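Engineer: Let me give you the structure first, and then I'll get to my questions.
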Amino acid sequence: MGIVIFLIVGLIAGLLARALVPGKDSMGILATLLLGIVGSFVGGAIWALFSDDKILDFQAGGLILSVVGAVVALLIYNRVSGRRSPKV
């Protein structure tokens, strides 16, 4: 059951990250899911550093950091792949 929740949270985090980062991202659902999973893992690891929880525990703070991690991962992906976000 933990894997299913991890995938659902990853998909939601990936979708939110794509909505928050300016510019057009032509990713499919699988790439969005992978983006969210990376963000969820990074967010869970950061949350685990500051709490007594494990990386894969489902917590509200970890959920918020999952979205933050996915945004950071998307920005890094855009920079590495040569895509540039519009200047604000």
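By order of appearance in the structure tokens: chains A, B, ..., then residues from 1 within every chain, and ligands from 1 in the order shown.
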Neighbours of region 74-84 of chain A within 10 Å (only C-alpha atoms; same-chain residues fewer than 6 positions away dropped), as a VMD selection string?
Structural biologist: chain A and resid 14 17 to 18 21 to 25 32 35 to 36 38 to 39 68
Engineer: What does the distance between CA of Leu33 (chain A) and CA of Leu11 (chain A) come to in Å, to one decimal place?
Structural biologist: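 Those two atoms sit 4.6 Å apart.
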Engineer: Using CA of Gly28 (chain A) and CA of Leu15 (chain A) as the two end points, give the distance in Å to one decimal.
Structural biologist: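 Calculated distance between CA of Gly28 (chain A) and CA of Leu15 (chain A) is 10.6 Å.
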Engineer: Can you work out which one of A:Ile37, A:Ile8, A:Ile3, A:Gly44 has the shortest atom-to-atom distance to Leu63 (chain A), counting only C-alpha atoms?
Structural biologist: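 Going through A:Ile37, A:Ile8, A:Ile3, A:Gly44 one by one, the smallest distance to Leu63 (chain A) is for A:Gly44.
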Engineer: Here is a test: counting only C-alpha atoms, which residue of A:Leu65, A:Ala19, A:Ser26, A:Ala70 is nearest to Gly43 (chain A)?
Structural biologist: A:Leu65
Engineer: Please compute the CA of Ser51 (chain A)-CA of Ile12 (chain A) distance, one decimal, in Å.
Structural biologist: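 Straight-line distance from CA of Ser51 (chain A) to CA of Ile12 (chain A) works out to 23.0 Å.
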Engineer: Which residue out of A:Leu7, A:Gly2, A:Leu49, A:Ser40 has the minimum interatomic distance to Gly69 (chain A) when only C-alpha atoms are used?
Structural biologist: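 Using only C-alpha atoms, the shortest distance to Gly69 (chain A) belongs to A:Ser40.
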Engineer: Would you please give, as a ChimeraX atom specification, all residues of chain A that DSSP assigns to alpha helix (DSSP H) based on the backbone?
Structural biologist: /A:2-20,29-50,60-80
